[in-house]
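Before any comments, here is the structure.
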Amino acid sequence: MRPPILFPLFADVSTLKGVGPKALPLVQKLAGPLVRDVLFLSPSGVVVRRPMTAVNAVEGQVGIFEVMIDRLILPGKPGVPIKVRASDQTGFVHLIWFGGSGQHIDRLLPRGETRLVSGKVERFNNEVQIVHPDVFKPSEADEIAAVEPVYPATQGLTSRTIRKLAQQALALAPELPEWQDPAWLAKQQWASWREAIAALHTPTGERDLEPDAPARERLAYDELFAHQLALARRRRARLITPAPVIRPGEASDRLLTALPFTLTGAQQRAVEDIRHDLASGEQMGRLLQGDVGSGKTAVAALALADAAASGFQAALMAPTEILARQHYQRLAPMLEAAGVPTVLLTGRDSQAERRPKLAALADGQAKVAIGTHALFQDAVRFDRLGLAVIDEQHRFGVNERARLQAKGDPRTGGVHLLTMSATPIPRTLELTQYGELDVSRLTEKPPGRTPVTTAVLPLARIGEVARRLKAALDDGAQAYWICPLVAESEASDLAAAEARAADLRRILQVEVGLAHGQMPGPEREAVMADFADGRTPLLVATTVVEVGVDVPNASIMVIEHADRFGLAQLHQLRGRVGRGAKASTCLLLYGGGDDGLGETAKTRLETLRRTEDGFEIAEEDFRLRGGGDPLGLKQSGFPAYRFADPIRHRGLMLAAADDARLVLGRDPDLLSPRGEAVKVLEALFDWRNDRFALD
Ligand code: ADP
Ligand code: MG
């Protein structure tokens, strides 16, 4: 329920003066449907207006002149601007319009009248002129601020119109109860929300537009806090869903013994986290974060065995056929030996193959199902599904995960969820994208890995690279060759990869596989499988190399135009080598022709040479890339914040996340006075039916 105090801000934007049928769609598109959305538009700049006269006009600055209108000079031929000559005591000021109707301008600037005109001063033929000036009547003088916010104008909607709308919205904005913790607020020395939003629309200079200006920080924090509250609420909703109590048993012990290695400390800690959740009677929602090769599968396998040991079924879902098969081939023998019947379910099964598997899952004889998207299809029924594990979770949609989870038995409660991701992301992003999940991180690599030697070379040395590669391949090594990601088009990516594969086939005289994004899935997987099984020694690929595919014999990774990839992406690509006993090499080739490598690019590639720690690399990448949307986060379900910048406001994000969990922990129903205020904040940032929606 929306608190009445917010009603004025949730009025339709068409109730603002000046929003007629023509402007309405434009305003809706720019800001959104509500008065609040106009209020939440931030200025993108300021103009500082200086009072000037014709004689002391300063070129290049924005001046305001009080002038008398002398005459309208209509152009004699097309292409010549409309001109109005005006004057003050000291000389002439020429006002210029390209396009526009003489009639309109004549009405705006009637001859003999006094007007205030403002704009950037130019000099042309030694005359003072202003192109497309703002024009005010003397009676409007108090509308003209010395410092005026500039809004991102669009076609048909000027900054000035938006400013007027923003001022109206501001006038409607009430004082709201304080939702921030008083001690925190005092420490930050922030003003009230009302003062902060007013300051947003009345900047006193450029400085006030910076992300660390106090008003901007306060608004950013409010927004982050509102978002984190929403995530914390979802988390609480999950936690109050009853779920099966799952404890390790004999099958778990037998699986642990069957593993050909002992768990790393990080794996043990993750297993403990998961076991704690599974035994709690509350529904688990946990993200297992771990770099490529950090050993997530073993952790997942133990959870599968635990579920079986407690009399429940479990499912492990992977995004591709090849990954699902790899999991099945590795895990099924161990699970079966531990007394856990396991089936593989993929889209490629024939009806005859599938029928007995489906029957075994439905009557509970099979305890674990490993598979692809096939797992969440309607035909698949479980007897007592207790746990769903999703590998490479970002490759699935929210709905797909939910469909698998929905296969639980209502009598035993919700299905526990373990999702796994090999994309190391900075903690701030983790909080934004997965705020409602609990996170375990595998920060330690299994022992026995030979570190990957990384070298950064100019593309000009490609001949030498090919010679070294030839020697290594002749020696029985396998290699990946990743082709440049060209921004222009997928077709040219493909052409580049095809040409490179042909070159290498000719020069190296070996079988060369080619995998790219435009290949049909099964065909690509066949190419990958040939490489994985050692039938082709060299695989040329665009970035589509399957995440998670484990080819321990591959020990060389060549990345062409490494400077065109993101650091995290390079790190992931590199993670495909260094998985076996062989010493591995990653060659980062940069630049084409004779263009050198910029400083940032150098620092970035240097980071990769220095460290193999995915989390460190992710933080560094995040830091180096600065603002904007460098990671393509918006496409990946990252919220489009209006005030907050996850990079510049990362400290605030962490604080807001703590604050949100604390508030809901202490006062789950928000009944205290602060709780009541927090409800107002939640309603203020209510994203429902909004183009800034979170999901
Ligand atoms: P990812 O986290 O990328 O899914 P995997 O689970 O595929 O990693 O593990 C990568 C490789 O490391 C596998 O070959 C696996 O058998 C091996 N491995 C996993 N855990 C350990 C460990 N504790 N000690 C030694 N090797 C391990
Ligand atoms: Mg994996």
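So you can find residues: chains in the structure tokens are A, B, ... in the order shown, residues in each start at 1, and ligands are numbered from 1 in order.
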
Could the residues of chain A that have an atom at most 10 Å from ligand 2 be listed as a Markdown table, each with its closest atom pair and the distance in Å to one decimal, counting only C-alpha atoms and all ligand atoms and ordered by chain and ascending residue number?
| residue | atom | partner | partner_atom_place_in_ligand_line | distance |
| --- | --- | --- | --- | --- |
| A:Gly290 | CA | ligand 2 | 1 (Mg) | 8.9 |
| A:Asp291 | CA | ligand 2 | 1 (Mg) | 8.9 |
| A:Val292 | CA | ligand 2 | 1 (Mg) | 6.6 |
| A:Gly293 | CA | ligand 2 | 1 (Mg) | 6.9 |
| A:Ser294 | CA | ligand 2 | 1 (Mg) | 8.2 |
| A:Gly295 | CA | ligand 2 | 1 (Mg) | 7.1 |
| A:Lys296 | CA | ligand 2 | 1 (Mg) | 5.9 |
| A:Thr297 | CA | ligand 2 | 1 (Mg) | 5.7 |
| A:Ala298 | CA | ligand 2 | 1 (Mg) | 9.3 |
| A:Ala300 | CA | ligand 2 | 1 (Mg) | 9.7 |
| A:Ala318 | CA | ligand 2 | 1 (Mg) | 8.9 |
| A:Leu323 | CA | ligand 2 | 1 (Mg) | 8.1 |
| A:Gln326 | CA | ligand 2 | 1 (Mg) | 9.5 |
| A:His327 | CA | ligand 2 | 1 (Mg) | 8.4 |
| A:Asp391 | CA | ligand 2 | 1 (Mg) | 6.7 |
| A:Glu392 | CA | ligand 2 | 1 (Mg) | 7.3 |
| A:Met420 | CA | ligand 2 | 1 (Mg) | 8.0 |
| A:Ser421 | CA | ligand 2 | 1 (Mg) | 8.1 |
| A:Ala422 | CA | ligand 2 | 1 (Mg) | 7.3 |
| A:Val547 | CA | ligand 2 | 1 (Mg) | 7.8 |
| A:Gly548 | CA | ligand 2 | 1 (Mg) | 4.5 |
| A:Val549 | CA | ligand 2 | 1 (Mg) | 7.2 |
| A:Asp550 | CA | ligand 2 | 1 (Mg) | 8.0 |

Keeping only all heavy atoms, write the selected residues to a file as a compact mmCIF listing (two decimals), in the first residue's frame.
# COMPACT_ATOMS: atom_id res chain seq x y z
N GLY A 290 33.23 -19.45 -8.05
CA GLY A 290 34.59 -19.97 -8.08
C GLY A 290 35.08 -19.94 -9.49
O GLY A 290 34.38 -20.34 -10.42
N ASP A 291 36.30 -19.47 -9.61
CA ASP A 291 36.96 -19.40 -10.88
C ASP A 291 36.90 -20.72 -11.63
O ASP A 291 36.70 -21.75 -11.02
CB ASP A 291 38.42 -19.13 -10.56
CG ASP A 291 38.90 -17.95 -11.30
OD1 ASP A 291 38.30 -17.66 -12.33
OD2 ASP A 291 39.88 -17.33 -10.86
N VAL A 292 37.09 -20.63 -12.93
CA VAL A 292 37.21 -21.84 -13.72
C VAL A 292 38.28 -22.74 -13.10
O VAL A 292 39.35 -22.26 -12.78
CB VAL A 292 37.66 -21.50 -15.16
CG1 VAL A 292 37.43 -22.65 -16.09
CG2 VAL A 292 37.00 -20.25 -15.65
N GLY A 293 37.96 -23.99 -12.90
CA GLY A 293 38.94 -24.93 -12.38
C GLY A 293 39.08 -24.94 -10.87
O GLY A 293 39.95 -25.61 -10.33
N SER A 294 38.25 -24.19 -10.17
CA SER A 294 38.39 -24.13 -8.72
C SER A 294 37.75 -25.33 -8.03
O SER A 294 37.87 -25.49 -6.82
CB SER A 294 37.81 -22.81 -8.18
OG SER A 294 36.45 -22.71 -8.53
N GLY A 295 37.05 -26.15 -8.78
CA GLY A 295 36.53 -27.39 -8.20
C GLY A 295 35.11 -27.28 -7.66
O GLY A 295 34.79 -27.85 -6.61
N LYS A 296 34.25 -26.60 -8.38
CA LYS A 296 32.87 -26.45 -7.94
C LYS A 296 32.11 -27.78 -8.04
O LYS A 296 31.23 -28.05 -7.24
CB LYS A 296 32.15 -25.38 -8.78
CG LYS A 296 32.72 -23.99 -8.58
CD LYS A 296 31.95 -22.94 -9.33
CE LYS A 296 32.13 -23.00 -10.84
NZ LYS A 296 33.50 -22.70 -11.30
N THR A 297 32.47 -28.58 -9.05
CA THR A 297 31.71 -29.81 -9.29
C THR A 297 31.74 -30.74 -8.09
O THR A 297 30.72 -31.34 -7.73
CB THR A 297 32.27 -30.55 -10.53
OG1 THR A 297 32.57 -29.58 -11.53
CG2 THR A 297 31.26 -31.52 -11.07
N ALA A 298 32.90 -30.86 -7.46
CA ALA A 298 33.01 -31.78 -6.32
C ALA A 298 32.11 -31.30 -5.18
O ALA A 298 31.47 -32.10 -4.49
CB ALA A 298 34.46 -31.86 -5.86
N ALA A 300 29.38 -29.57 -5.48
CA ALA A 300 28.00 -29.87 -5.88
C ALA A 300 27.70 -31.35 -5.70
O ALA A 300 26.62 -31.72 -5.22
CB ALA A 300 27.79 -29.46 -7.34
N ALA A 318 23.03 -28.32 -16.38
CA ALA A 318 24.12 -27.60 -17.04
C ALA A 318 23.60 -27.00 -18.34
O ALA A 318 22.64 -27.52 -18.91
CB ALA A 318 25.27 -28.56 -17.33
N LEU A 323 28.54 -30.18 -21.55
CA LEU A 323 28.83 -30.03 -20.12
C LEU A 323 28.06 -31.05 -19.30
O LEU A 323 28.59 -31.64 -18.35
CB LEU A 323 28.43 -28.63 -19.67
CG LEU A 323 29.55 -27.61 -19.58
CD1 LEU A 323 28.98 -26.27 -19.11
CD2 LEU A 323 30.61 -28.09 -18.60
N GLN A 326 29.74 -34.31 -19.63
CA GLN A 326 30.99 -34.35 -18.88
C GLN A 326 30.72 -34.56 -17.38
O GLN A 326 31.36 -35.36 -16.73
CB GLN A 326 31.76 -33.05 -19.11
CG GLN A 326 33.21 -33.16 -18.73
CD GLN A 326 34.02 -31.96 -19.20
OE1 GLN A 326 33.84 -30.85 -18.72
NE2 GLN A 326 34.89 -32.17 -20.17
N HIS A 327 29.72 -33.84 -16.88
CA HIS A 327 29.37 -34.03 -15.47
C HIS A 327 28.94 -35.47 -15.22
O HIS A 327 29.32 -36.08 -14.23
CB HIS A 327 28.21 -33.10 -15.08
CG HIS A 327 28.65 -31.68 -14.83
ND1 HIS A 327 29.82 -31.35 -14.22
CD2 HIS A 327 28.02 -30.50 -15.09
CE1 HIS A 327 29.93 -30.04 -14.12
NE2 HIS A 327 28.85 -29.50 -14.65
N ASP A 391 24.48 -25.29 -12.82
CA ASP A 391 25.85 -24.95 -13.18
C ASP A 391 25.82 -23.81 -14.19
O ASP A 391 24.93 -23.75 -15.03
CB ASP A 391 26.55 -26.18 -13.78
CG ASP A 391 28.06 -26.02 -13.80
OD1 ASP A 391 28.57 -25.08 -13.14
OD2 ASP A 391 28.73 -26.83 -14.46
N GLU A 392 26.81 -22.92 -14.11
CA GLU A 392 26.85 -21.76 -15.02
C GLU A 392 25.49 -21.07 -15.02
O GLU A 392 24.87 -20.88 -16.07
CB GLU A 392 27.22 -22.18 -16.45
CG GLU A 392 28.44 -23.08 -16.56
CD GLU A 392 29.73 -22.41 -16.11
OE1 GLU A 392 29.74 -21.17 -15.95
OE2 GLU A 392 30.72 -23.13 -15.91
N MET A 420 25.80 -22.09 -9.42
CA MET A 420 27.25 -22.00 -9.51
C MET A 420 27.64 -21.06 -10.65
O MET A 420 27.01 -21.05 -11.70
CB MET A 420 27.85 -23.38 -9.76
CG MET A 420 27.37 -24.39 -8.72
SD MET A 420 28.40 -25.85 -8.62
CE MET A 420 27.92 -26.74 -10.07
N SER A 421 28.67 -20.27 -10.41
CA SER A 421 29.12 -19.36 -11.45
C SER A 421 30.63 -19.28 -11.46
O SER A 421 31.27 -19.25 -10.41
CB SER A 421 28.54 -17.97 -11.21
OG SER A 421 29.22 -17.03 -12.01
N ALA A 422 31.18 -19.25 -12.66
CA ALA A 422 32.64 -19.16 -12.80
C ALA A 422 33.06 -17.75 -13.15
O ALA A 422 34.21 -17.52 -13.48
CB ALA A 422 33.12 -20.13 -13.87
N VAL A 547 32.15 -22.46 -21.77
CA VAL A 547 32.57 -22.24 -20.39
C VAL A 547 32.48 -23.59 -19.68
O VAL A 547 31.53 -24.33 -19.85
CB VAL A 547 31.60 -21.26 -19.72
CG1 VAL A 547 32.04 -20.99 -18.29
CG2 VAL A 547 31.53 -19.97 -20.50
N GLY A 548 33.49 -23.91 -18.91
CA GLY A 548 33.38 -25.08 -18.05
C GLY A 548 33.89 -26.36 -18.68
O GLY A 548 34.07 -27.35 -17.99
N VAL A 549 34.12 -26.38 -19.99
CA VAL A 549 34.62 -27.61 -20.59
C VAL A 549 36.06 -27.82 -20.14
O VAL A 549 36.87 -26.91 -20.15
CB VAL A 549 34.55 -27.56 -22.13
CG1 VAL A 549 35.28 -28.74 -22.74
CG2 VAL A 549 33.11 -27.54 -22.58
N ASP A 550 36.33 -29.02 -19.72
CA ASP A 550 37.61 -29.31 -19.12
C ASP A 550 38.42 -30.17 -20.08
O ASP A 550 38.07 -31.31 -20.36
CB ASP A 550 37.34 -30.07 -17.80
CG ASP A 550 38.57 -30.13 -16.92
OD1 ASP A 550 39.50 -29.32 -17.14
OD2 ASP A 550 38.62 -30.98 -16.03

- DSSP says alpha helix (DSSP H) for which residues of stretch 519-620 of chain A? Put them as a PyMOL selection string? chain A and resi 521-532+567-574+599-610+614-620

Given the selection you just returned, output its residues as a file containing N, CA, C and O atoms, formatted as a compact mmCIF listing (two decimals), in the first residue's frame.
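See out27.txt below for the written result:
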# COMPACT_ATOMS: atom_id res chain seq x y z
N GLY A 521 24.12 -25.22 -32.44
CA GLY A 521 24.63 -25.82 -31.20
C GLY A 521 25.25 -27.20 -31.36
O GLY A 521 26.41 -27.40 -30.99
N PRO A 522 24.54 -28.15 -31.95
CA PRO A 522 25.07 -29.51 -32.02
C PRO A 522 26.38 -29.58 -32.82
O PRO A 522 27.31 -30.29 -32.44
N GLU A 523 26.46 -28.79 -33.88
CA GLU A 523 27.66 -28.80 -34.71
C GLU A 523 28.85 -28.28 -33.91
O GLU A 523 29.95 -28.83 -33.94
N ARG A 524 28.59 -27.21 -33.17
CA ARG A 524 29.65 -26.62 -32.36
C ARG A 524 30.10 -27.61 -31.29
O ARG A 524 31.29 -27.76 -31.02
N GLU A 525 29.14 -28.27 -30.70
CA GLU A 525 29.48 -29.22 -29.65
C GLU A 525 30.28 -30.39 -30.20
O GLU A 525 31.16 -30.92 -29.52
N ALA A 526 30.01 -30.76 -31.45
CA ALA A 526 30.78 -31.84 -32.07
C ALA A 526 32.23 -31.41 -32.24
O ALA A 526 33.16 -32.17 -31.97
N VAL A 527 32.43 -30.15 -32.66
CA VAL A 527 33.79 -29.63 -32.82
C VAL A 527 34.50 -29.61 -31.47
O VAL A 527 35.66 -30.03 -31.33
N MET A 528 33.77 -29.15 -30.45
CA MET A 528 34.34 -29.10 -29.11
C MET A 528 34.71 -30.51 -28.63
O MET A 528 35.75 -30.72 -28.00
N ALA A 529 33.82 -31.45 -28.91
CA ALA A 529 34.05 -32.83 -28.44
C ALA A 529 35.29 -33.42 -29.12
O ALA A 529 36.08 -34.10 -28.47
N ASP A 530 35.48 -33.12 -30.42
CA ASP A 530 36.68 -33.60 -31.11
C ASP A 530 37.93 -33.06 -30.45
O ASP A 530 38.94 -33.75 -30.34
N PHE A 531 37.85 -31.83 -30.02
CA PHE A 531 39.00 -31.22 -29.37
C PHE A 531 39.20 -31.84 -27.98
O PHE A 531 40.30 -32.23 -27.61
N ALA A 532 38.10 -31.97 -27.26
CA ALA A 532 38.17 -32.51 -25.89
C ALA A 532 38.74 -33.93 -25.90
O ALA A 532 39.50 -34.31 -25.01
N LEU A 567 39.09 -7.70 -19.24
CA LEU A 567 40.02 -8.47 -18.42
C LEU A 567 39.40 -9.76 -17.91
O LEU A 567 40.02 -10.81 -17.94
N ALA A 568 38.18 -9.64 -17.44
CA ALA A 568 37.53 -10.81 -16.86
C ALA A 568 37.38 -11.88 -17.93
O ALA A 568 37.56 -13.08 -17.69
N GLN A 569 37.08 -11.43 -19.13
CA GLN A 569 36.91 -12.35 -20.26
C GLN A 569 38.24 -13.04 -20.59
O GLN A 569 38.27 -14.25 -20.80
N LEU A 570 39.31 -12.25 -20.61
CA LEU A 570 40.63 -12.83 -20.88
C LEU A 570 40.98 -13.85 -19.81
O LEU A 570 41.52 -14.92 -20.09
N HIS A 571 40.65 -13.48 -18.59
CA HIS A 571 40.96 -14.38 -17.49
C HIS A 571 40.22 -15.71 -17.65
O HIS A 571 40.77 -16.78 -17.41
N GLN A 572 38.97 -15.61 -18.06
CA GLN A 572 38.18 -16.82 -18.26
C GLN A 572 38.74 -17.67 -19.38
O GLN A 572 38.81 -18.89 -19.28
N LEU A 573 39.12 -17.00 -20.45
CA LEU A 573 39.71 -17.72 -21.57
C LEU A 573 40.99 -18.42 -21.12
O LEU A 573 41.20 -19.59 -21.40
N ARG A 574 41.80 -17.70 -20.40
CA ARG A 574 43.07 -18.28 -19.94
C ARG A 574 42.82 -19.47 -19.03
O ARG A 574 43.61 -20.42 -18.99
N GLU A 599 48.06 3.30 -22.60
CA GLU A 599 48.48 3.06 -21.22
C GLU A 599 47.52 2.15 -20.47
O GLU A 599 47.93 1.20 -19.81
N THR A 600 46.22 2.44 -20.59
CA THR A 600 45.24 1.63 -19.86
C THR A 600 45.29 0.20 -20.34
O THR A 600 45.28 -0.73 -19.55
N ALA A 601 45.38 0.04 -21.65
CA ALA A 601 45.43 -1.31 -22.21
C ALA A 601 46.63 -2.05 -21.66
O ALA A 601 46.55 -3.23 -21.32
N LYS A 602 47.74 -1.34 -21.55
CA LYS A 602 48.96 -1.96 -21.04
C LYS A 602 48.77 -2.37 -19.58
O LYS A 602 49.09 -3.48 -19.18
N THR A 603 48.22 -1.45 -18.79
CA THR A 603 47.99 -1.76 -17.37
C THR A 603 47.08 -2.97 -17.25
O THR A 603 47.28 -3.83 -16.39
N ARG A 604 46.08 -3.02 -18.11
CA ARG A 604 45.13 -4.12 -18.04
C ARG A 604 45.81 -5.45 -18.32
O ARG A 604 45.71 -6.39 -17.55
N LEU A 605 46.54 -5.51 -19.42
CA LEU A 605 47.19 -6.77 -19.77
C LEU A 605 48.25 -7.13 -18.73
O LEU A 605 48.46 -8.31 -18.42
N GLU A 606 48.89 -6.10 -18.18
CA GLU A 606 49.89 -6.29 -17.13
C GLU A 606 49.26 -7.00 -15.93
O GLU A 606 49.86 -7.89 -15.33
N THR A 607 48.04 -6.60 -15.57
CA THR A 607 47.33 -7.22 -14.45
C THR A 607 47.23 -8.72 -14.66
O THR A 607 47.42 -9.50 -13.73
N LEU A 608 46.94 -9.10 -15.88
CA LEU A 608 46.80 -10.53 -16.17
C LEU A 608 48.12 -11.27 -16.05
O LEU A 608 48.16 -12.41 -15.65
N ARG A 609 49.17 -10.57 -16.43
CA ARG A 609 50.48 -11.19 -16.32
C ARG A 609 50.85 -11.41 -14.85
O ARG A 609 51.48 -12.37 -14.49
N ARG A 610 50.40 -10.46 -14.03
CA ARG A 610 50.80 -10.45 -12.63
C ARG A 610 50.06 -11.50 -11.81
O ARG A 610 50.62 -12.11 -10.92
N GLY A 614 41.16 -14.60 -9.95
CA GLY A 614 40.02 -14.06 -10.68
C GLY A 614 39.33 -12.91 -9.97
O GLY A 614 38.87 -11.95 -10.60
N PHE A 615 39.26 -12.97 -8.65
CA PHE A 615 38.57 -11.91 -7.92
C PHE A 615 39.39 -10.63 -7.97
O PHE A 615 38.85 -9.54 -8.13
N GLU A 616 40.70 -10.79 -7.85
CA GLU A 616 41.57 -9.61 -7.93
C GLU A 616 41.45 -8.98 -9.32
O GLU A 616 41.36 -7.76 -9.47
N ILE A 617 41.42 -9.81 -10.34
CA ILE A 617 41.32 -9.32 -11.71
C ILE A 617 39.97 -8.61 -11.92
O ILE A 617 39.90 -7.54 -12.53
N ALA A 618 38.93 -9.19 -11.38
CA ALA A 618 37.61 -8.58 -11.53
C ALA A 618 37.56 -7.20 -10.88
O ALA A 618 37.03 -6.24 -11.45
N GLU A 619 38.14 -7.08 -9.69
CA GLU A 619 38.17 -5.79 -9.00
C GLU A 619 38.95 -4.77 -9.82
O GLU A 619 38.54 -3.63 -9.98
N GLU A 620 40.09 -5.22 -10.35
CA GLU A 620 40.96 -4.33 -11.12
C GLU A 620 40.25 -3.87 -12.40
O GLU A 620 40.28 -2.71 -12.76

- Task: Check stretch 419-613 of chain A with DSSP on the backbone and list each residue it calls strand (DSSP E), as a PyMOL selection string.
- Result: chain A and resi 419-421+438-442+452-458+478-482+512-515+538-541+554-559+584-590

- Message: Report, in Å to a single decimal, how far apart atom CA of A:Asp503 and atom CA of A:Cys483 are.
- Response: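 Pair atom CA of A:Cys483 / atom CA of A:Asp503 returns 12.5 Å.
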
- Which residue of A:Arg576, A:Arg500, A:Arg286, A:Lys17 approaches ligand 1 most closely, using only C-alpha atoms and all ligand atoms: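 Nearest candidate to ligand 1 out of A:Arg576, A:Arg500, A:Arg286, A:Lys17: A:Arg576.
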
- Message: For a quick check of understanding, using only C-alpha atoms and all ligand atoms, which of A:Arg467, A:Arg535, A:Arg330, A:Lys357 has the smallest distance to ligand 1?
- Response: A:Arg330

- Query: Please, what distance in Å, to one decimal, runs between atom 14 (O, counted along the ligand's line) of ligand 1 and atom CA of A:Gly285?
  - Reply: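 Atom CA of A:Gly285 lies at a distance of 25.8 Å from atom 14 (O, counted along the ligand's line) of ligand 1.
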
- Do a neighbour search on A:Gln393 at 9 Å with only C-alpha atoms, toss out local chain neighbours closer than 2 positions, and write the hits as a list in words. Leu287, Met317, Ala318, Pro319, Val389, Ile390, Asp391, Arg395, Phe396, Gly397, Arg401, Thr419, Met420 and Ser421 of chain A

- Message: Counting only C-alpha atoms and all ligand atoms, which residue out of A:Leu375, A:Leu442, A:Leu302, A:Ala243 sits closest to ligand 1?
- Response: A:Leu442

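Nearest to ligand 1 of all the residues A:Gln28, A:Thr454, A:Ser14, A:Thr264 is A:Thr264, based on only C-alpha atoms and all ligand atoms.
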
- Message: Which residues are close to A:Ala199, i.e. within 12 Å by only C-alpha atoms, leaving aside same-chain residues fewer than 2 positions away? Reply as a PyMOL selection string.
- Response: chain A and resi 39+42-43+148-149+166-167+170+190-197+201-205+207-209+213-219

- Message: Residues within 9 Å of A:Leu26, please, as a VMD selection string. Count only C-alpha atoms; anything in the same chain fewer than 5 positions from it doesn't count.
- Response: chain A and resid 31 154 to 157
